[in-house]
Amino acid sequence: MRSVKLLIGIICVLTMLPLAIRAAEFDTSKPLLCSITDVKECTEDGCQKRSLQEVAMPEFLKFDLPNKNVTPASPIKGRQPTSIKEMERIEGKLILQGAEQGADKVRDGLGWTAAISEENGKLIFTASGDEVAFVAFGTCVAQ
């Protein structure tokens with residue numbers, strides 16, 4: 001379970017950044033730096049607010065749109081970038097999707113989606129695996 005939580009940290013979302021992406025600056029040829037402000041862990045029994053430490057999420061994420069990958073803003077030893085498999089603009093949002101295998105010999109793979117508002121940079125990130133889902137909220141700025 002902790003491995004799943006750590007993997008989710010690769011995708012997201014930390015402290016709120018005061019800046020937002022302006023539509024004119026929202027360019028997929030530039031990386032995005034995202035900060036996660038709130039995270040919830042959900043099971044069949046409901047959702048609970050969790051700290052970033054409890055779900056092993058990094059404080060900042062870098063969505064490298066030109067290279068289609070996601071990494072913690074501060075590298076984590078042994079951690080490889082997560083690939084962005086799909087990237088599409090829908091109704092003023094940039095939708096990014098991917099899947100992560102997880103740790104060797106642990107059943108912790110998951111699928112994820114990030115929706116980033118092109119108007120204000122607000123991020124909603126979801127990830128789901130076996131019997132658990134995570135929802136994170138944050139803000140992104142173009143680098």
# chains A, B, ... in the order shown; residues from 1 in each chain; ligands from 1
$ residues_around --residues "Cys140 of chain A" --least-positions-apart "2" --cutoff "7 Å" --atoms "only C-alpha atoms" --output "PDB file with N, CA and C atoms, in the first residue's frame"
ATOM      1  N   ALA A  20      -0.645  31.512 -11.042  1.00  0.00           N
ATOM      2  CA  ALA A  20      -1.442  30.582 -11.843  1.00  0.00           C
ATOM      3  C   ALA A  20      -1.009  30.688 -13.294  1.00  0.00           C
ATOM      4  N   ILE A  21      -1.283  29.655 -14.036  1.00  0.00           N
ATOM      5  CA  ILE A  21      -0.965  29.661 -15.455  1.00  0.00           C
ATOM      6  C   ILE A  21      -1.964  30.555 -16.168  1.00  0.00           C
ATOM      7  N   LEU A  32       5.591  21.953 -16.580  1.00  0.00           N
ATOM      8  CA  LEU A  32       4.775  22.553 -15.533  1.00  0.00           C
ATOM      9  C   LEU A  32       5.314  22.126 -14.179  1.00  0.00           C
ATOM     10  N   LEU A  33       5.358  23.043 -13.228  1.00  0.00           N
ATOM     11  CA  LEU A  33       5.702  22.724 -11.852  1.00  0.00           C
ATOM     12  C   LEU A  33       4.414  22.784 -11.056  1.00  0.00           C
ATOM     13  N   CYS A  34       4.099  21.694 -10.360  1.00  0.00           N
ATOM     14  CA  CYS A  34       2.828  21.607  -9.647  1.00  0.00           C
ATOM     15  C   CYS A  34       3.050  21.382  -8.159  1.00  0.00           C
ATOM     16  N   SER A  35       2.204  22.021  -7.382  1.00  0.00           N
ATOM     17  CA  SER A  35       2.218  21.942  -5.926  1.00  0.00           C
ATOM     18  C   SER A  35       0.894  21.335  -5.475  1.00  0.00           C
ATOM     19  N   GLY A 121      -4.668  27.192 -13.766  1.00  0.00           N
ATOM     20  CA  GLY A 121      -3.620  26.271 -13.335  1.00  0.00           C
ATOM     21  C   GLY A 121      -4.022  25.306 -12.234  1.00  0.00           C
ATOM     22  N   LYS A 122      -5.289  25.294 -11.821  1.00  0.00           N
ATOM     23  CA  LYS A 122      -5.722  24.372 -10.771  1.00  0.00           C
ATOM     24  C   LYS A 122      -5.600  22.931 -11.258  1.00  0.00           C
ATOM     25  N   LEU A 123      -5.096  22.075 -10.378  1.00  0.00           N
ATOM     26  CA  LEU A 123      -4.851  20.667 -10.686  1.00  0.00           C
ATOM     27  C   LEU A 123      -5.762  19.787  -9.839  1.00  0.00           C
ATOM     28  N   GLY A 138      -4.257  20.756  -6.319  1.00  0.00           N
ATOM     29  CA  GLY A 138      -3.098  21.617  -6.274  1.00  0.00           C
ATOM     30  C   GLY A 138      -3.160  22.689  -7.351  1.00  0.00           C
ATOM     31  N   ALA A 142       3.640  27.315 -15.345  1.00  0.00           N
ATOM     32  CA  ALA A 142       4.574  27.005 -16.428  1.00  0.00           C
ATOM     33  C   ALA A 142       5.973  27.402 -15.991  1.00  0.00           C
TER      34      ALA A 142
END
$ select_by_dssp --residues "segment 85-136 of chain A" --states "strand (DSSP E or B)" --output "PyMOL selection string"
chain A and resi 86-90+93-100+110-117+122-128+133-136
$ closest_residue --among "A:Val135, A:Ile76, A:Val141, A:Ile84" --to "Cys42 of chain A" --atoms "only C-alpha atoms"
A:Val135
$ residues_around --residues "Pro72 of chain A" --least-positions-apart "4" --cutoff "7 Å" --atoms "only C-alpha atoms" --output "list of chain:residue names"
A:Ile10, A:Pro58, A:Phe60, A:Leu61, A:Lys62
$ atom_distance --atom1 "atom CA of Thr126 of chain A" --atom2 "atom CA of Leu110 of chain A"
10.2 Å
$ residues_around --residues "Thr28 of chain A" --least-positions-apart "5" --cutoff "9 Å" --atoms "only C-alpha atoms" --output "PDB file with N, CA and C atoms, in the first residue's frame"
ATOM      1  N   ASP A  64       6.742  17.180 -17.254  1.00  0.00           N
ATOM      2  CA  ASP A  64       7.568  17.535 -18.412  1.00  0.00           C
ATOM      3  C   ASP A  64       6.765  17.206 -19.667  1.00  0.00           C
ATOM      4  N   LEU A  65       5.971  18.167 -20.115  1.00  0.00           N
ATOM      5  CA  LEU A  65       5.068  17.939 -21.242  1.00  0.00           C
ATOM      6  C   LEU A  65       5.803  17.638 -22.542  1.00  0.00           C
ATOM      7  N   PRO A  66       6.910  18.346 -22.867  1.00  0.00           N
ATOM      8  CA  PRO A  66       7.608  18.031 -24.114  1.00  0.00           C
ATOM      9  C   PRO A  66       8.133  16.588 -24.168  1.00  0.00           C
TER      10      PRO A  66
END
